[in-house]
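Presented below is the structure to which this report refers.
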Amino acid sequence: MERRTGTYTKKYLRTWQGALGVLLAGGVLLTGCSGTSTGNKSTADRRGGALPAPGPAARDGAEGRDGLRESAPPDYLSTFALDVDTASYGYARRTLADGGLPEPSTVRPEEFVNSFRQGYRRPDGNGFTVNVDGARAGDKGGDWSLVRVGLATRAAPARDERPPVALTFVVDISGSMAEAGRLDLVKKSLDLLTDELRDDDSVSLVTFSDEAETLLPMTRLRDHRGRIRDRVDAMEPTDSTNVGAGVRRGYEEAVDGHVKGANNRVVLLSDALANTGETDADAILERIGSARREYGITLFGVGVGSDYGDALMERLTDQGDGHTTYISDEEQARKVFVDQLPAHLELTARDAKAQVAFDRKTVEQFRLIGYEDRKVADEDFRDDRVDGGEVGPGHTVTALYAVRLRPGASGHVATATVRWLDPRTRAPHERRGTVGTGAIDGPLWGGGAKRLQVTAVAAYFAEALRGERLPGAPGLGELASWARKLASATEDDSVRKLATMIGQAERLKGGSGDGGSGDAPEGELD
């Protein structure tokens with residue numbers, strides 16, 4: 001499906017009248033809901049009305065708190081497709097370890113945040129729990145707070161309990177893959193995966209350089225692990241990078257070897273430095289669109305290499321109804337292909353989107369941190385023809401907002417609703433959670449919500465790498481100190497590595513200033 005972003009709509013169409021039309025849209029199947037600040041809230045089957053309506057629109061030309069004139073009613077809705085990618089964080093870690101700063105265009109804050117455990121309560125079946133909390137954004141944040149919207153799927157099943165899988169590996173063997181940490185790491189990853197898969201799983205293997213070749217048609221693993229390893233070991237780098245040819249051949253093999261009742265997926269392993277044939281993601285995926293629609297075959301991208309085509313890989317997986325990650329060493333390969341394997345192979349939700357409705361009576365301004373490439377027009381939230389995100393078991397998705405409350409505000413702040421389609425029946429479901437001023441009034445630093453603090457550190461760090469500042473953001477030195485304290489408190493090695501990354505960035509940047517709040521009109525900030 002095609003994702004329509006809100007670029008045009010936000011400028012001309014997202015008025016209060018348009019938002020009301022969305023909120024009164026057609027019927028859906030609604031399930032129970034939760035919010036950490038207000039307990040469980042259930043909603044009955046009905047037509048629309050799942051989100052509370054924003055208050056009356058401000059009149060044209062009204063003067064705001066900062067003395068700025070408003071030419072249109074402020075927008076109090078935020079809508080985006082869910083994203084479980086983590087490649088941006090993995091690539092930044094590799095770049096910093098190599099002594100460089102990542103290009104700001106490759107830094108996506110949501111992928112930094114989603115790289116860390118959150119500890120959200122999980123549902124028993126498919127779908128999500130909705131957890132909403134927050135805190136004041138530090139002494140330097142003035143009247144700004146951070147609001148965290150956390151979504152969690154059910155726990156990943158044990159190895160013997162998941163459905164069988166049929167995987168088509170599409171491996172880049174172009175000349176650029178000769179660098180250490182590329183094809184050698186791919187081979188090691190496939191070796192790990194071959195051990196982890198079950199006898200009733202199936203795999204096929206396609207390689208590509210300037211042309212694509214099938215090394216192994218879809219084969220049940222049962223007595224063929226040795227054969228698979230032989231094909232993997234024989235791969236050698238050569239020629240140029242025709243990603244388009246590889247993806248097309250991979251989908252052809254996936255369709256030819258489609259296994260009914262299994263999770264069928266194409267796994268692309270590449271540095272994504274396309275230089276031959278089709279080099280545009282849309283053109284590449286246009287040729288294999290029917291395989292995605294008719295067979296439900298999704299795309300999982302695994303990036304490698306110090307020079308990495310981040311934009312192409314992200315676009316391919318977004319349009320391929322999948323997600324992407326990045327690996328730079330064997331430890332990360334084991335995490336992806338062993339520890340997190342079920343999350344990458346199974347789906348619990350299709351076309352998942354979130355919409356957060358802020359209460360104009362208590363909220364003056366807000367900004368979603370990251371998700372620029374995942375924004376959806378507000379009126380498309382319940383249009384199931386518009387693409388969302390695909391999410392598997394064991395995943396969490398976190399959206400962090402900077403929120404400025406009105407002076408003396410008290411009461412309801414926001415309602416977050418997640419909508420998804422059942423992966424098999426495509427029936428729509430929704431769940432929601434709410435948060436009030438009392439749940440976001442506590443101090444961020446030094447409080448009891450350690451995982452919220454980790455989320456804030458990751459988001460502040462990402463924004464600093466992009467050259468941007470958030471309200472209450474500490475300098476990099478102070479941020480690294482908080483990360484080290486949190487690593488000790490949580491006993492989480494991934495947080496310790498985050499602290500190391502922040503320290504590396506501080507040295508490369510030569511110090512960093514403090515963040516500021518800035519002034520802007522009411523409603524959503526770009």
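We name chains A, B, ... following the order of the structure tokens; residues begin at 1 in each chain, and ligands are numbered from 1 as shown.
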Can you write out as CSV which residues of segment 353-419 of chain A fall within 7 Å of segment 145-160 of chain A, alongside each residue's closest atom pair and its distance in Å to one decimal, counting only C-alpha atoms and ordering rows by chain and ascending residue number?
residue,atom,partner,partner_atom,distance
A:Pro393,CA,A:Ala156,CA,4.7
A:Gly394,CA,A:Ala156,CA,4.5
A:His395,CA,A:Thr153,CA,5.7
A:Thr396,CA,A:Ala152,CA,4.4
A:Val397,CA,A:Leu151,CA,5.1
A:Thr398,CA,A:Gly150,CA,4.6
A:Ala399,CA,A:Val149,CA,5.1
A:Leu400,CA,A:Arg148,CA,4.6
A:Tyr401,CA,A:Val147,CA,5.1
A:Ala402,CA,A:Leu146,CA,4.8
A:Val403,CA,A:Ser145,CA,5.2
A:Arg404,CA,A:Ser145,CA,6.2
I need the chosen residues saved as a PDB file, in the first residue's frame, with N, CA, C and O atoms.
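What follows is the written file out_31.pdb:
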ATOM      1  N   PRO A 393       6.135 -10.076  17.104  1.00  0.00           N
ATOM      2  CA  PRO A 393       6.118 -10.320  18.547  1.00  0.00           C
ATOM      3  C   PRO A 393       7.423  -9.888  19.201  1.00  0.00           C
ATOM      4  O   PRO A 393       8.483  -9.911  18.578  1.00  0.00           O
ATOM      5  N   GLY A 394       7.323  -9.481  20.452  1.00  0.00           N
ATOM      6  CA  GLY A 394       8.526  -9.090  21.183  1.00  0.00           C
ATOM      7  C   GLY A 394       9.000  -7.684  20.902  1.00  0.00           C
ATOM      8  O   GLY A 394      10.019  -7.253  21.443  1.00  0.00           O
ATOM      9  N   HIS A 395       8.272  -6.949  20.060  1.00  0.00           N
ATOM     10  CA  HIS A 395       8.675  -5.585  19.739  1.00  0.00           C
ATOM     11  C   HIS A 395       8.044  -4.583  20.695  1.00  0.00           C
ATOM     12  O   HIS A 395       6.959  -4.800  21.232  1.00  0.00           O
ATOM     13  N   THR A 396       8.733  -3.465  20.875  1.00  0.00           N
ATOM     14  CA  THR A 396       8.135  -2.274  21.464  1.00  0.00           C
ATOM     15  C   THR A 396       8.359  -1.119  20.495  1.00  0.00           C
ATOM     16  O   THR A 396       9.362  -1.075  19.781  1.00  0.00           O
ATOM     17  N   VAL A 397       7.403  -0.205  20.470  1.00  0.00           N
ATOM     18  CA  VAL A 397       7.509   1.005  19.651  1.00  0.00           C
ATOM     19  C   VAL A 397       7.278   2.192  20.576  1.00  0.00           C
ATOM     20  O   VAL A 397       6.280   2.238  21.295  1.00  0.00           O
ATOM     21  N   THR A 398       8.199   3.137  20.560  1.00  0.00           N
ATOM     22  CA  THR A 398       8.102   4.297  21.441  1.00  0.00           C
ATOM     23  C   THR A 398       8.105   5.582  20.629  1.00  0.00           C
ATOM     24  O   THR A 398       8.930   5.755  19.735  1.00  0.00           O
ATOM     25  N   ALA A 399       7.168   6.463  20.944  1.00  0.00           N
ATOM     26  CA  ALA A 399       7.155   7.817  20.379  1.00  0.00           C
ATOM     27  C   ALA A 399       7.304   8.795  21.530  1.00  0.00           C
ATOM     28  O   ALA A 399       6.554   8.736  22.508  1.00  0.00           O
ATOM     29  N   LEU A 400       8.271   9.675  21.418  1.00  0.00           N
ATOM     30  CA  LEU A 400       8.536  10.654  22.474  1.00  0.00           C
ATOM     31  C   LEU A 400       8.151  12.046  21.965  1.00  0.00           C
ATOM     32  O   LEU A 400       8.521  12.434  20.865  1.00  0.00           O
ATOM     33  N   TYR A 401       7.399  12.753  22.775  1.00  0.00           N
ATOM     34  CA  TYR A 401       6.950  14.097  22.437  1.00  0.00           C
ATOM     35  C   TYR A 401       7.524  15.113  23.415  1.00  0.00           C
ATOM     36  O   TYR A 401       7.567  14.863  24.628  1.00  0.00           O
ATOM     37  N   ALA A 402       7.939  16.262  22.897  1.00  0.00           N
ATOM     38  CA  ALA A 402       8.191  17.432  23.733  1.00  0.00           C
ATOM     39  C   ALA A 402       6.883  18.202  23.798  1.00  0.00           C
ATOM     40  O   ALA A 402       6.310  18.564  22.760  1.00  0.00           O
ATOM     41  N   VAL A 403       6.390  18.449  25.015  1.00  0.00           N
ATOM     42  CA  VAL A 403       5.068  19.047  25.202  1.00  0.00           C
ATOM     43  C   VAL A 403       5.181  20.256  26.128  1.00  0.00           C
ATOM     44  O   VAL A 403       5.753  20.163  27.220  1.00  0.00           O
ATOM     45  N   ARG A 404       4.613  21.362  25.683  1.00  0.00           N
ATOM     46  CA  ARG A 404       4.595  22.570  26.499  1.00  0.00           C
ATOM     47  C   ARG A 404       3.171  22.782  27.003  1.00  0.00           C
ATOM     48  O   ARG A 404       2.248  22.988  26.214  1.00  0.00           O
TER      49      ARG A 404
END
With 12 Å as the cut-off and only C-alpha atoms counted, what is the closest atom pair between each nearby residue of segment 113-143 of chain A and segment 419-425 of chain A? Distances in Å to one decimal, ordered by chain and number, as a tab-separated table.
residue	atom	partner	partner_atom	distance
A:Gly125	CA	A:Asp422	CA	10.9
A:Asn126	CA	A:Asp422	CA	7.6
A:Gly127	CA	A:Trp420	CA	7.2
A:Phe128	CA	A:Trp420	CA	8.9
A:Thr129	CA	A:Arg419	CA	11.2
A:Val130	CA	A:Arg419	CA	10.9
Where does DSSP see strand (DSSP E) in segment 163-253 of chain A, if you list the residues as a ChimeraX atom specification? /A:165-172,202-208,212-220
Can you spit out the residues from that selection as a PDB file, in the first residue's frame, using C-alpha atoms?
ATOM      1  CA  VAL A 165       9.202 -19.815   8.113  1.00  0.00           C
ATOM      2  CA  ALA A 166      10.216 -19.726   4.449  1.00  0.00           C
ATOM      3  CA  LEU A 167      13.113 -17.322   4.000  1.00  0.00           C
ATOM      4  CA  THR A 168      14.689 -16.153   0.758  1.00  0.00           C
ATOM      5  CA  PHE A 169      18.144 -14.718   1.429  1.00  0.00           C
ATOM      6  CA  VAL A 170      19.219 -12.091  -1.101  1.00  0.00           C
ATOM      7  CA  VAL A 171      22.946 -11.523  -0.594  1.00  0.00           C
ATOM      8  CA  ASP A 172      25.034  -8.712  -2.062  1.00  0.00           C
ATOM      9  CA  SER A 202      12.765 -23.569   4.495  1.00  0.00           C
ATOM     10  CA  VAL A 203      15.357 -21.319   2.864  1.00  0.00           C
ATOM     11  CA  SER A 204      16.447 -20.261  -0.609  1.00  0.00           C
ATOM     12  CA  LEU A 205      19.567 -18.297  -1.547  1.00  0.00           C
ATOM     13  CA  VAL A 206      19.993 -15.606  -4.207  1.00  0.00           C
ATOM     14  CA  THR A 207      23.174 -13.605  -4.793  1.00  0.00           C
ATOM     15  CA  PHE A 208      23.656 -10.476  -6.861  1.00  0.00           C
ATOM     16  CA  ALA A 212      21.361 -11.960  -9.890  1.00  0.00           C
ATOM     17  CA  GLU A 213      21.731 -15.730  -9.548  1.00  0.00           C
ATOM     18  CA  THR A 214      19.842 -18.388  -7.624  1.00  0.00           C
ATOM     19  CA  LEU A 215      22.290 -20.562  -5.700  1.00  0.00           C
ATOM     20  CA  LEU A 216      19.646 -22.568  -3.881  1.00  0.00           C
ATOM     21  CA  PRO A 217      15.901 -22.909  -4.588  1.00  0.00           C
ATOM     22  CA  MET A 218      13.505 -23.118  -1.653  1.00  0.00           C
ATOM     23  CA  THR A 219      14.754 -26.079   0.407  1.00  0.00           C
ATOM     24  CA  ARG A 220      13.476 -27.621   3.643  1.00  0.00           C
TER      25      ARG A 220
END
Selection near Gly448 of chain A, 12 Å with only C-alpha atoms, sequence-local residues under 6 positions removed, as an MDAnalysis selection string: chainID A and resid 134:135 442 454 486 489:490
Take the selection from the previous step and output its residues with N, CA, C and O atoms, as a short mmCIF file (atom, residue, chain, number, x, y, z; two decimals), in the first residue's frame.
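This is the output file part37.cif:
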data_model
loop_
_atom_site.label_atom_id
_atom_site.label_comp_id
_atom_site.auth_asym_id
_atom_site.auth_seq_id
_atom_site.Cartn_x
_atom_site.Cartn_y
_atom_site.Cartn_z
N GLY A 134 5.36 10.23 31.36
CA GLY A 134 6.22 11.36 31.04
C GLY A 134 6.83 11.97 32.28
O GLY A 134 6.73 11.44 33.38
N ALA A 135 7.49 13.12 32.07
CA ALA A 135 8.15 13.83 33.17
C ALA A 135 8.49 15.24 32.70
O ALA A 135 8.51 15.52 31.50
N GLY A 442 6.38 14.94 37.40
CA GLY A 442 7.56 14.62 38.19
C GLY A 442 8.84 14.97 37.46
O GLY A 442 8.86 15.14 36.24
N VAL A 454 16.32 6.57 30.07
CA VAL A 454 17.10 6.02 28.95
C VAL A 454 16.53 6.51 27.62
O VAL A 454 17.26 6.89 26.70
N LEU A 486 22.69 5.50 34.51
CA LEU A 486 21.57 4.63 34.14
C LEU A 486 22.05 3.22 33.78
O LEU A 486 21.37 2.24 34.06
N ALA A 489 22.45 1.59 37.07
CA ALA A 489 21.18 1.35 37.74
C ALA A 489 20.37 0.25 37.08
O ALA A 489 19.68 -0.53 37.76
N THR A 490 20.42 0.17 35.75
CA THR A 490 19.64 -0.84 35.02
C THR A 490 20.41 -2.12 34.77
O THR A 490 19.82 -3.12 34.36
#
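Interatomic distance, atom CA of Arg382 of chain A to atom CA of Leu345 of chain A: 26.3 Å.
Neighbours of Lys485 of chain A closer than or equal to 12 Å, with only C-alpha atoms counted and sequence neighbours fewer than 4 positions away skipped, come out as Trp445, Gly446, Lys450, Gln453, Val454, Val457, Glu478, Leu479, Ala480, Ser481, Ala489, Thr490, Glu491, Asp492, Asp493, Val495, Arg496, Leu498 and Ala499 of chain A.
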Considering only alpha helix (DSSP H) as DSSP defines it on the backbone, what residues of segment 186-253 of chain A qualify? List them as a compact mmCIF listing (two decimals) with all heavy atoms, in the first residue's frame.
# COMPACT_ATOMS: atom_id res chain seq x y z
N VAL A 186 28.20 -11.30 6.77
CA VAL A 186 26.98 -11.90 6.23
C VAL A 186 27.07 -13.42 6.29
O VAL A 186 26.12 -14.11 6.70
CB VAL A 186 26.73 -11.43 4.78
CG1 VAL A 186 25.64 -12.27 4.12
CG2 VAL A 186 26.34 -9.96 4.77
N LYS A 187 28.21 -13.97 5.90
CA LYS A 187 28.39 -15.42 5.95
C LYS A 187 28.24 -15.94 7.38
O LYS A 187 27.59 -16.97 7.62
CB LYS A 187 29.77 -15.81 5.40
CG LYS A 187 29.91 -15.66 3.89
CD LYS A 187 31.31 -16.11 3.47
CE LYS A 187 31.47 -16.12 1.98
NZ LYS A 187 32.80 -16.62 1.55
N LYS A 188 28.85 -15.23 8.33
CA LYS A 188 28.76 -15.65 9.73
C LYS A 188 27.32 -15.57 10.20
O LYS A 188 26.83 -16.46 10.93
CB LYS A 188 29.65 -14.76 10.60
CG LYS A 188 29.64 -15.14 12.07
CD LYS A 188 30.17 -16.56 12.28
CE LYS A 188 30.16 -16.95 13.73
NZ LYS A 188 30.61 -18.34 13.93
N SER A 189 26.60 -14.52 9.77
CA SER A 189 25.20 -14.36 10.17
C SER A 189 24.35 -15.50 9.65
O SER A 189 23.50 -16.05 10.37
CB SER A 189 24.67 -13.03 9.64
OG SER A 189 25.39 -11.93 10.17
N LEU A 190 24.55 -15.88 8.40
CA LEU A 190 23.77 -16.98 7.82
C LEU A 190 24.13 -18.31 8.46
O LEU A 190 23.27 -19.19 8.59
CB LEU A 190 23.99 -17.03 6.31
CG LEU A 190 23.44 -15.83 5.52
CD1 LEU A 190 23.71 -16.00 4.03
CD2 LEU A 190 21.95 -15.65 5.77
N ASP A 191 25.36 -18.44 8.88
CA ASP A 191 25.76 -19.66 9.59
C ASP A 191 25.04 -19.75 10.94
O ASP A 191 24.53 -20.81 11.33
CB ASP A 191 27.27 -19.65 9.79
CG ASP A 191 27.80 -20.98 10.34
OD1 ASP A 191 27.50 -22.02 9.74
OD2 ASP A 191 28.49 -20.95 11.37
N LEU A 192 24.98 -18.62 11.66
CA LEU A 192 24.24 -18.59 12.92
C LEU A 192 22.77 -18.91 12.70
O LEU A 192 22.16 -19.68 13.46
CB LEU A 192 24.37 -17.20 13.57
CG LEU A 192 25.72 -16.81 14.15
CD1 LEU A 192 25.74 -15.33 14.51
CD2 LEU A 192 26.03 -17.65 15.39
N LEU A 193 22.21 -18.33 11.65
CA LEU A 193 20.79 -18.52 11.39
C LEU A 193 20.48 -19.96 11.00
O LEU A 193 19.44 -20.51 11.39
CB LEU A 193 20.34 -17.56 10.29
CG LEU A 193 18.86 -17.52 9.98
CD1 LEU A 193 18.05 -17.21 11.24
CD2 LEU A 193 18.57 -16.50 8.90
N THR A 194 21.35 -20.57 10.24
CA THR A 194 21.14 -21.97 9.85
C THR A 194 21.05 -22.88 11.07
O THR A 194 20.26 -23.83 11.10
CB THR A 194 22.28 -22.44 8.92
OG1 THR A 194 22.30 -21.60 7.75
CG2 THR A 194 22.07 -23.88 8.48
N ASP A 195 21.85 -22.59 12.09
CA ASP A 195 21.78 -23.36 13.33
C ASP A 195 20.49 -23.09 14.09
O ASP A 195 19.95 -23.97 14.75
CB ASP A 195 22.97 -23.02 14.24
CG ASP A 195 24.27 -23.63 13.75
OD1 ASP A 195 24.20 -24.63 13.00
OD2 ASP A 195 25.34 -23.10 14.08
N GLU A 196 19.97 -21.86 14.00
CA GLU A 196 18.83 -21.45 14.80
C GLU A 196 17.50 -21.92 14.20
O GLU A 196 16.54 -22.17 14.93
CB GLU A 196 18.83 -19.92 14.95
CG GLU A 196 17.80 -19.38 15.92
CD GLU A 196 18.10 -19.79 17.37
OE1 GLU A 196 19.25 -20.20 17.67
OE2 GLU A 196 17.18 -19.69 18.20
N ARG A 225 21.28 -28.88 5.95
CA ARG A 225 22.09 -27.79 6.52
C ARG A 225 23.49 -27.76 5.91
O ARG A 225 24.03 -26.67 5.65
CB ARG A 225 22.16 -27.94 8.04
CG ARG A 225 20.90 -27.46 8.75
CD ARG A 225 21.01 -27.59 10.27
NE ARG A 225 19.94 -26.87 10.94
CZ ARG A 225 18.71 -27.35 11.09
NH1 ARG A 225 18.41 -28.57 10.62
NH2 ARG A 225 17.77 -26.63 11.70
N GLY A 226 24.08 -28.90 5.69
CA GLY A 226 25.40 -28.95 5.07
C GLY A 226 25.39 -28.36 3.67
O GLY A 226 26.31 -27.62 3.28
N ARG A 227 24.37 -28.66 2.90
CA ARG A 227 24.24 -28.12 1.55
C ARG A 227 24.10 -26.60 1.57
O ARG A 227 24.70 -25.90 0.74
CB ARG A 227 23.02 -28.76 0.87
CG ARG A 227 22.78 -28.33 -0.56
CD ARG A 227 21.50 -28.95 -1.07
NE ARG A 227 21.13 -28.48 -2.39
CZ ARG A 227 19.93 -28.61 -2.92
NH1 ARG A 227 18.96 -29.23 -2.24
NH2 ARG A 227 19.67 -28.14 -4.13
N ILE A 228 23.32 -26.11 2.51
CA ILE A 228 23.14 -24.66 2.63
C ILE A 228 24.45 -23.99 2.99
O ILE A 228 24.84 -22.97 2.40
CB ILE A 228 22.06 -24.36 3.69
CG1 ILE A 228 20.70 -24.87 3.20
CG2 ILE A 228 22.00 -22.86 3.99
CD1 ILE A 228 19.64 -24.89 4.28
N ARG A 229 25.18 -24.55 3.95
CA ARG A 229 26.45 -23.96 4.35
C ARG A 229 27.45 -23.97 3.20
O ARG A 229 28.23 -23.02 3.03
CB ARG A 229 27.02 -24.72 5.55
CG ARG A 229 26.31 -24.42 6.86
CD ARG A 229 27.13 -24.88 8.05
NE ARG A 229 26.53 -24.47 9.30
CZ ARG A 229 25.64 -25.18 9.98
NH1 ARG A 229 25.26 -26.38 9.52
NH2 ARG A 229 25.13 -24.72 11.10
N ASP A 230 27.45 -25.00 2.39
CA ASP A 230 28.36 -25.05 1.25
C ASP A 230 28.08 -23.91 0.28
O ASP A 230 29.01 -23.28 -0.23
CB ASP A 230 28.22 -26.39 0.51
CG ASP A 230 28.81 -27.55 1.29
OD1 ASP A 230 29.59 -27.30 2.24
OD2 ASP A 230 28.48 -28.71 0.98
N ARG A 231 26.81 -23.63 0.02
CA ARG A 231 26.46 -22.54 -0.89
C ARG A 231 26.87 -21.19 -0.29
O ARG A 231 27.37 -20.32 -1.00
CB ARG A 231 24.94 -22.52 -1.15
CG ARG A 231 24.41 -23.77 -1.83
CD ARG A 231 24.90 -23.91 -3.26
NE ARG A 231 24.18 -24.93 -3.97
CZ ARG A 231 24.42 -26.23 -3.91
NH1 ARG A 231 25.43 -26.67 -3.13
NH2 ARG A 231 23.71 -27.10 -4.61
N VAL A 232 26.67 -21.03 1.00
CA VAL A 232 27.05 -19.78 1.66
C VAL A 232 28.56 -19.59 1.63
O VAL A 232 29.07 -18.51 1.31
CB VAL A 232 26.52 -19.75 3.11
CG1 VAL A 232 27.11 -18.57 3.89
CG2 VAL A 232 24.99 -19.68 3.12
N ASP A 233 29.31 -20.63 1.95
CA ASP A 233 30.77 -20.53 1.99
C ASP A 233 31.36 -20.22 0.63
O ASP A 233 32.45 -19.62 0.53
CB ASP A 233 31.37 -21.84 2.52
CG ASP A 233 31.10 -22.06 4.00
OD1 ASP A 233 30.74 -21.08 4.68
OD2 ASP A 233 31.21 -23.22 4.46
N VAL A 243 21.17 -3.84 -6.98
CA VAL A 243 20.22 -4.22 -5.94
C VAL A 243 18.88 -4.60 -6.55
O VAL A 243 18.22 -5.55 -6.12
CB VAL A 243 20.04 -3.07 -4.92
CG1 VAL A 243 18.96 -3.42 -3.90
CG2 VAL A 243 21.35 -2.80 -4.20
N GLY A 244 18.47 -3.86 -7.58
CA GLY A 244 17.18 -4.13 -8.21
C GLY A 244 17.08 -5.54 -8.75
O GLY A 244 16.06 -6.23 -8.55
N ALA A 245 18.15 -6.01 -9.40
CA ALA A 245 18.14 -7.37 -9.94
C ALA A 245 18.05 -8.39 -8.82
O ALA A 245 17.34 -9.40 -8.92
CB ALA A 245 19.40 -7.61 -10.77
N GLY A 246 18.76 -8.14 -7.71
CA GLY A 246 18.72 -9.06 -6.59
C GLY A 246 17.36 -9.15 -5.94
O GLY A 246 16.85 -10.23 -5.64
N VAL A 247 16.73 -7.99 -5.71
CA VAL A 247 15.42 -7.98 -5.06
C VAL A 247 14.38 -8.65 -5.96
O VAL A 247 13.54 -9.44 -5.49
CB VAL A 247 15.01 -6.54 -4.71
CG1 VAL A 247 13.56 -6.49 -4.24
CG2 VAL A 247 15.93 -5.98 -3.62
N ARG A 248 14.41 -8.35 -7.25
CA ARG A 248 13.43 -8.97 -8.17
C ARG A 248 13.59 -10.48 -8.20
O ARG A 248 12.61 -11.23 -8.11
CB ARG A 248 13.58 -8.39 -9.57
CG ARG A 248 13.03 -6.99 -9.71
CD ARG A 248 12.91 -6.60 -11.17
NE ARG A 248 14.20 -6.58 -11.86
CZ ARG A 248 15.03 -5.55 -11.86
NH1 ARG A 248 14.70 -4.44 -11.20
NH2 ARG A 248 16.17 -5.60 -12.51
N ARG A 249 14.83 -10.96 -8.32
CA ARG A 249 15.06 -12.41 -8.34
C ARG A 249 14.67 -13.02 -6.99
O ARG A 249 14.10 -14.12 -6.94
CB ARG A 249 16.53 -12.72 -8.65
CG ARG A 249 16.89 -14.21 -8.59
CD ARG A 249 16.13 -15.05 -9.62
NE ARG A 249 16.58 -14.77 -10.96
CZ ARG A 249 17.62 -15.36 -11.55
NH1 ARG A 249 18.31 -16.28 -10.91
NH2 ARG A 249 17.96 -15.03 -12.76
N GLY A 250 14.97 -12.33 -5.93
CA GLY A 250 14.61 -12.84 -4.61
C GLY A 250 13.11 -13.03 -4.46
O GLY A 250 12.65 -14.06 -3.96
N TYR A 251 12.33 -12.07 -4.92
CA TYR A 251 10.87 -12.20 -4.83
C TYR A 251 10.35 -13.27 -5.78
O TYR A 251 9.37 -13.96 -5.46
CB TYR A 251 10.19 -10.85 -5.08
CG TYR A 251 9.99 -10.05 -3.82
CD1 TYR A 251 11.00 -9.21 -3.33
CD2 TYR A 251 8.81 -10.14 -3.10
CE1 TYR A 251 10.82 -8.48 -2.17
CE2 TYR A 251 8.63 -9.42 -1.93
CZ TYR A 251 9.63 -8.60 -1.47
OH TYR A 251 9.45 -7.89 -0.30
N GLU A 252 10.98 -13.43 -6.92
CA GLU A 252 10.58 -14.51 -7.82
C GLU A 252 10.77 -15.86 -7.14
O GLU A 252 9.90 -16.75 -7.20
CB GLU A 252 11.39 -14.45 -9.11
CG GLU A 252 11.04 -13.27 -10.01
CD GLU A 252 12.02 -13.10 -11.16
OE1 GLU A 252 12.96 -13.94 -11.26
OE2 GLU A 252 11.87 -12.15 -11.95
N GLU A 253 11.91 -16.03 -6.47
CA GLU A 253 12.16 -17.28 -5.76
C GLU A 253 11.20 -17.46 -4.59
O GLU A 253 10.72 -18.56 -4.31
CB GLU A 253 13.61 -17.32 -5.25
CG GLU A 253 14.66 -17.51 -6.32
CD GLU A 253 14.54 -18.86 -7.00
OE1 GLU A 253 14.07 -19.84 -6.36
OE2 GLU A 253 14.90 -18.95 -8.19
Tell me which protein, DNA and RNA residues are within 12 Å of Glu111 of chain A, counting only C-alpha atoms, leaving out same-chain ones fewer than 3 positions away, and put them as a count of residues only. 39
Closest atom pairs, segment 208-279 of chain A residues within 8 Å of segment 290-298 of chain A, only C-alpha atoms, as JSON lines:
{"residue": "A:Tyr251", "atom": "CA", "partner": "A:Ala291", "partner_atom": "CA", "distance": 6.8}
{"residue": "A:Ala254", "atom": "CA", "partner": "A:Ile297", "partner_atom": "CA", "distance": 7.6}
{"residue": "A:Val255", "atom": "CA", "partner": "A:Ala291", "partner_atom": "CA", "distance": 6.7}
{"residue": "A:His258", "atom": "CA", "partner": "A:Tyr295", "partner_atom": "CA", "distance": 7.9}
{"residue": "A:Asn263", "atom": "CA", "partner": "A:Ile297", "partner_atom": "CA", "distance": 7.9}
{"residue": "A:Asn264", "atom": "CA", "partner": "A:Ile297", "partner_atom": "CA", "distance": 5.3}
{"residue": "A:Arg265", "atom": "CA", "partner": "A:Thr298", "partner_atom": "CA", "distance": 5.0}
{"residue": "A:Val266", "atom": "CA", "partner": "A:Thr298", "partner_atom": "CA", "distance": 6.2}
Could you tell me how far atom CA of Glu390 of chain A sits from atom CA of Gly301 of chain A, in Å to one decimal place?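 Going from atom CA of Gly301 of chain A over to atom CA of Glu390 of chain A covers 13.3 Å.
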